Each structure stands twice: as structure tokens, then as C-alpha cells.
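Written out below as C-alpha cells is the structure these notes cover.
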Amino acid sequence: MSTLVFDTYKPDYAEAFKALNLHWLKQYFVVEPHDEEVLSDPERFILEPGGEILVAKIADRVVGVVALMPDENGTFELTKMAVDSDLRGQKIGQQLLQHTLNFARQKGLDSLILYSNRKLENAIYLYRKYGFEEIPLEQPNPYLRADIKMRISL
């Protein structure tokens, strides 16, 4: 396998960010209006409020994406993480998650939260492996599909 290279968001990555996320959302769930909004304008909804989008590339191909999105309390949510389905099983998700945690620490963040669904067993396993722990899920929560909320202290 070629070398995985990490980058931060550039407008050239917008299409891949949206496509990779829409693929898994449609495969397992439904694309919620909030998803469509964020994925269609990541600059406005993620970057302008102080968030980040990280990209994993092999050669010039975007193979994984993830966002760190601040909420109104200044807590950062790890969200919109997706890996090219053709390349799953090659530990790209693990490397992307490790890179993201290191990036968040370097930015001085003290914790991250995420929302997921227990149906995504591989994702939940990965999050637990890297130190995320389940915390109470508030109602209403930001996603109709979410049935688990997790947090990691950095």
C-alpha cells in the first residue's frame, strides 16, 4: 500500500469530503437535513466557527476524512469521519483517528465527543480501542440516527 499522507482542509477536498460521507450515510442510514447542510458548506458550518477538517490521502486521492466541529459551548465533536469503502480493512480509519487525536492535543483541546450508532460496530470498536468512553446521550441529540455518545479526555 502506498503511504498515507495527512492534510488539513482545502477547497479542493470539498467534493471528496461530501462524497465519502454521503456514501456511508446512505449505506447505513439516511442523510439528515443537518448532514446535507454541513456537507454542502463545510467552510461555513465547520471551519468558520473554529473547527478543522482533516484529510487522509494516498497519492493524490482522498481516502479518508474527519471533522472537528465546535459546539456552542466550545466542546469539539469528532464528526463526519469516513474512509473510502474500497479501502476499508487497511487500517486507514485507525491511522486517521490517531492523527486526529494527536492534532486535537496539539491544538490544546482537552476532550472530544462523538455521536454514533451501535449498528456501526467497527466504528464503535475503534473508538473504544482509542480511549473513547460512553457517556449519557442527551435528548434531543443532534442526530436522529445517534444512539450512543462517547467522550475522550486528551
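Residue numbering restarts at 1 in every chain; chains get A, B, ... in the order shown in the C-alpha cells, and ligands count up from 1 in that same order.
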Within 9 Å of segment 129-150 of chain A, which residues of segment 34-118 of chain A show up? Give each one with its shortest atom-to-atom distance in Å (one decimal) and the two atoms involved, counting only C-alpha atoms, rows by chain then rising residue number, as CSV.
residue,atom,partner,partner_atom,distance
A:His34,CA,A:Tyr143,CA,8.1
A:Asp35,CA,A:Tyr143,CA,8.8
A:Gln94,CA,A:Tyr130,CA,8.6
A:Leu97,CA,A:Tyr130,CA,8.1
A:Gln98,CA,A:Tyr130,CA,7.7
A:Leu101,CA,A:Tyr130,CA,8.9
A:Leu112,CA,A:Met150,CA,8.3
A:Ile113,CA,A:Met150,CA,5.5
A:Leu114,CA,A:Met150,CA,5.3
A:Tyr115,CA,A:Lys149,CA,4.6
A:Ser116,CA,A:Ala146,CA,5.0
A:Asn117,CA,A:Ala146,CA,5.0
A:Arg118,CA,A:Asp147,CA,6.7
Could you pull out the helix (DSSP H, G or I) residues of segment 53-102 of chain A, going by DSSP on the backbone, and write them as a ChimeraX atom specification?
/A:85-87,92-102
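What separates atom CA of Arg61 of chain A from atom CA of Ser2 of chain A is a distance of 10.9 Å.
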Which one is closest to Lys107 of chain A: A:Glu121, A:Glu77, A:Asp12, A:Glu52? Count only C-alpha atoms.
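Smallest separation from Lys107 of chain A among the options: A:Glu52.
DSSP annotation of segment 63-140 of chain A from backbone atoms: strand (DSSP E or B) residues are A:Val63, A:Gly64, A:Val65, A:Val66, A:Ala67, A:Leu68, A:Met69, A:Pro70, A:Phe76, A:Glu77, A:Leu78, A:Thr79, A:Lys80, A:Met81, A:Ala82, A:Val83, A:Ser111, A:Leu112, A:Ile113, A:Leu114, A:Tyr115, A:Ser116, A:Glu133, A:Glu134, A:Ile135.
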Taking into account only C-alpha atoms, which residue in the set A:Met81, A:Phe17, A:Val62, A:Arg151 is nearest to Thr100 of chain A?
A:Met81
With a distance cut-off of 10 Å and only C-alpha atoms, select the neighbouring residues of Gln95 of chain A, excluding the residue or stretch itself and same-chain residues fewer than 6 positions from it, and output the selection as a list in words.
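Those residues are Leu4, Phe6, Ala56, Gly64 and Leu101 of chain A.
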Could the residues in this selection be saved with C-alpha atoms as a PDB file, in the first residue's frame?
ATOM      1  CA  LEU A   4      -0.854   7.644   3.802  1.00  0.00           C
ATOM      2  CA  PHE A   6      -2.422  13.765   6.134  1.00  0.00           C
ATOM      3  CA  ALA A  56      -6.004  11.282   4.582  1.00  0.00           C
ATOM      4  CA  GLY A  64     -10.415   9.395   4.446  1.00  0.00           C
ATOM      5  CA  LEU A 101      -6.347  12.752  18.363  1.00  0.00           C
TER       6      LEU A 101
END
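As for atom CA of Val5 of chain A and atom CA of Gln27 of chain A, they are spaced 26.5 Å apart.
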Here is a test: counting only C-alpha atoms, which residue of A:Ser40, A:Thr8, A:Asn21, A:Asp86 is nearest to Leu68 of chain A?
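Once distances to Leu68 of chain A are computed over only C-alpha atoms, the minimum belongs to A:Thr8.
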Show me, as an MDAnalysis selection string, the residues that have an atom within 12 Å of Glu36 of chain A when counting only C-alpha atoms, minus same-chain residues fewer than 6 positions from it.
chainID A and resid 17:19 21:22 25:26 30 42 45 80
Please identify all polymer residues within 6 Å of Ser111 of chain A, counting only C-alpha atoms, omitting same-chain residues fewer than 6 positions from it, and present them as JSON, numbers by chain.
{"A": [152, 153, 154]}
May I have the selected residues written with N, CA, C and O atoms, as a JSON list (two decimals), in the first residue's frame?
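The result, stored in selection_9.json:
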[["chain", "number", "residue", "atom", "x", "y", "z"],
["A", 152, "ILE", "N", -13.70, 11.38, 24.95],
["A", 152, "ILE", "CA", -12.32, 11.04, 25.29],
["A", 152, "ILE", "C", -11.67, 12.27, 25.91],
["A", 152, "ILE", "O", -11.87, 13.38, 25.45],
["A", 153, "SER", "N", -10.93, 12.03, 27.00],
["A", 153, "SER", "CA", -10.12, 13.09, 27.59],
["A", 153, "SER", "C", -8.76, 13.04, 26.91],
["A", 153, "SER", "O", -8.17, 11.97, 26.77],
["A", 154, "LEU", "N", -8.29, 14.21, 26.48],
["A", 154, "LEU", "CA", -7.00, 14.27, 25.79],
["A", 154, "LEU", "C", -5.92, 14.70, 26.76],
["A", 154, "LEU", "O", -4.77, 14.57, 26.55]]
Give me, as a PyMOL selection string, all polymer residues having an atom no more than 9 Å from Asp7 of chain A, counting only C-alpha atoms and skipping those fewer than 2 positions away in the same chain.
chain A and resi 5+9-10+53-57
Writer output for current selection, all heavy atoms, as an mmCIF file, in the first residue's frame:
data_model
loop_
_atom_site.group_PDB
_atom_site.id
_atom_site.type_symbol
_atom_site.label_atom_id
_atom_site.label_comp_id
_atom_site.auth_asym_id
_atom_site.auth_seq_id
_atom_site.Cartn_x
_atom_site.Cartn_y
_atom_site.Cartn_z
ATOM 1 N N VAL A 5 -0.816 10.060 3.643
ATOM 2 C CA VAL A 5 -0.365 11.420 3.941
ATOM 3 C C VAL A 5 -1.565 12.183 4.483
ATOM 4 O O VAL A 5 -2.683 12.053 3.970
ATOM 5 C CB VAL A 5 0.168 12.106 2.661
ATOM 6 C CG1 VAL A 5 0.530 13.556 2.933
ATOM 7 C CG2 VAL A 5 1.346 11.344 2.108
ATOM 8 N N TYR A 9 -7.915 20.774 5.588
ATOM 9 C CA TYR A 9 -8.879 21.080 4.536
ATOM 10 C C TYR A 9 -8.412 22.157 3.573
ATOM 11 O O TYR A 9 -7.846 23.171 3.975
ATOM 12 C CB TYR A 9 -10.193 21.524 5.182
ATOM 13 C CG TYR A 9 -11.274 21.793 4.182
ATOM 14 C CD1 TYR A 9 -12.035 20.751 3.665
ATOM 15 C CD2 TYR A 9 -11.540 23.084 3.753
ATOM 16 C CE1 TYR A 9 -13.040 20.994 2.738
ATOM 17 C CE2 TYR A 9 -12.548 23.337 2.829
ATOM 18 C CZ TYR A 9 -13.283 22.289 2.333
ATOM 19 O OH TYR A 9 -14.270 22.532 1.417
ATOM 20 N N LYS A 10 -8.670 21.884 2.324
ATOM 21 C CA LYS A 10 -8.533 22.865 1.243
ATOM 22 C C LYS A 10 -9.815 22.755 0.408
ATOM 23 O O LYS A 10 -10.421 21.691 0.347
ATOM 24 C CB LYS A 10 -7.321 22.530 0.367
ATOM 25 C CG LYS A 10 -5.995 22.666 1.093
ATOM 26 C CD LYS A 10 -4.837 22.238 0.192
ATOM 27 C CE LYS A 10 -3.495 22.433 0.843
ATOM 28 N NZ LYS A 10 -3.360 21.848 2.175
ATOM 29 N N ILE A 53 -11.027 20.300 9.407
ATOM 30 C CA ILE A 53 -11.291 19.090 8.633
ATOM 31 C C ILE A 53 -9.933 18.514 8.291
ATOM 32 O O ILE A 53 -9.066 19.219 7.772
ATOM 33 C CB ILE A 53 -12.105 19.379 7.355
ATOM 34 C CG1 ILE A 53 -13.492 19.912 7.725
ATOM 35 C CG2 ILE A 53 -12.214 18.112 6.496
ATOM 36 C CD1 ILE A 53 -14.308 20.403 6.550
ATOM 37 N N LEU A 54 -9.752 17.241 8.613
ATOM 38 C CA LEU A 54 -8.504 16.549 8.317
ATOM 39 C C LEU A 54 -8.756 15.540 7.215
ATOM 40 O O LEU A 54 -9.829 14.937 7.138
ATOM 41 C CB LEU A 54 -7.973 15.869 9.576
ATOM 42 C CG LEU A 54 -7.796 16.807 10.779
ATOM 43 C CD1 LEU A 54 -7.356 16.024 12.001
ATOM 44 C CD2 LEU A 54 -6.831 17.921 10.462
ATOM 45 N N VAL A 55 -7.750 15.375 6.389
ATOM 46 C CA VAL A 55 -7.874 14.543 5.194
ATOM 47 C C VAL A 55 -6.716 13.553 5.156
ATOM 48 O O VAL A 55 -5.573 13.914 5.436
ATOM 49 C CB VAL A 55 -7.844 15.444 3.938
ATOM 50 C CG1 VAL A 55 -7.819 14.631 2.661
ATOM 51 C CG2 VAL A 55 -9.028 16.398 3.946
ATOM 52 N N ALA A 56 -7.030 12.299 4.814
ATOM 53 C CA ALA A 56 -6.004 11.282 4.582
ATOM 54 C C ALA A 56 -5.963 11.019 3.083
ATOM 55 O O ALA A 56 -7.008 10.830 2.447
ATOM 56 C CB ALA A 56 -6.346 9.996 5.329
ATOM 57 N N LYS A 57 -4.744 11.041 2.524
ATOM 58 C CA LYS A 57 -4.596 10.862 1.078
ATOM 59 C C LYS A 57 -3.576 9.760 0.790
ATOM 60 O O LYS A 57 -2.628 9.580 1.529
ATOM 61 C CB LYS A 57 -4.086 12.153 0.431
ATOM 62 C CG LYS A 57 -5.044 13.307 0.499
ATOM 63 C CD LYS A 57 -4.466 14.628 0.076
ATOM 64 C CE LYS A 57 -3.566 14.601 -1.113
ATOM 65 N NZ LYS A 57 -3.064 15.902 -1.528
#
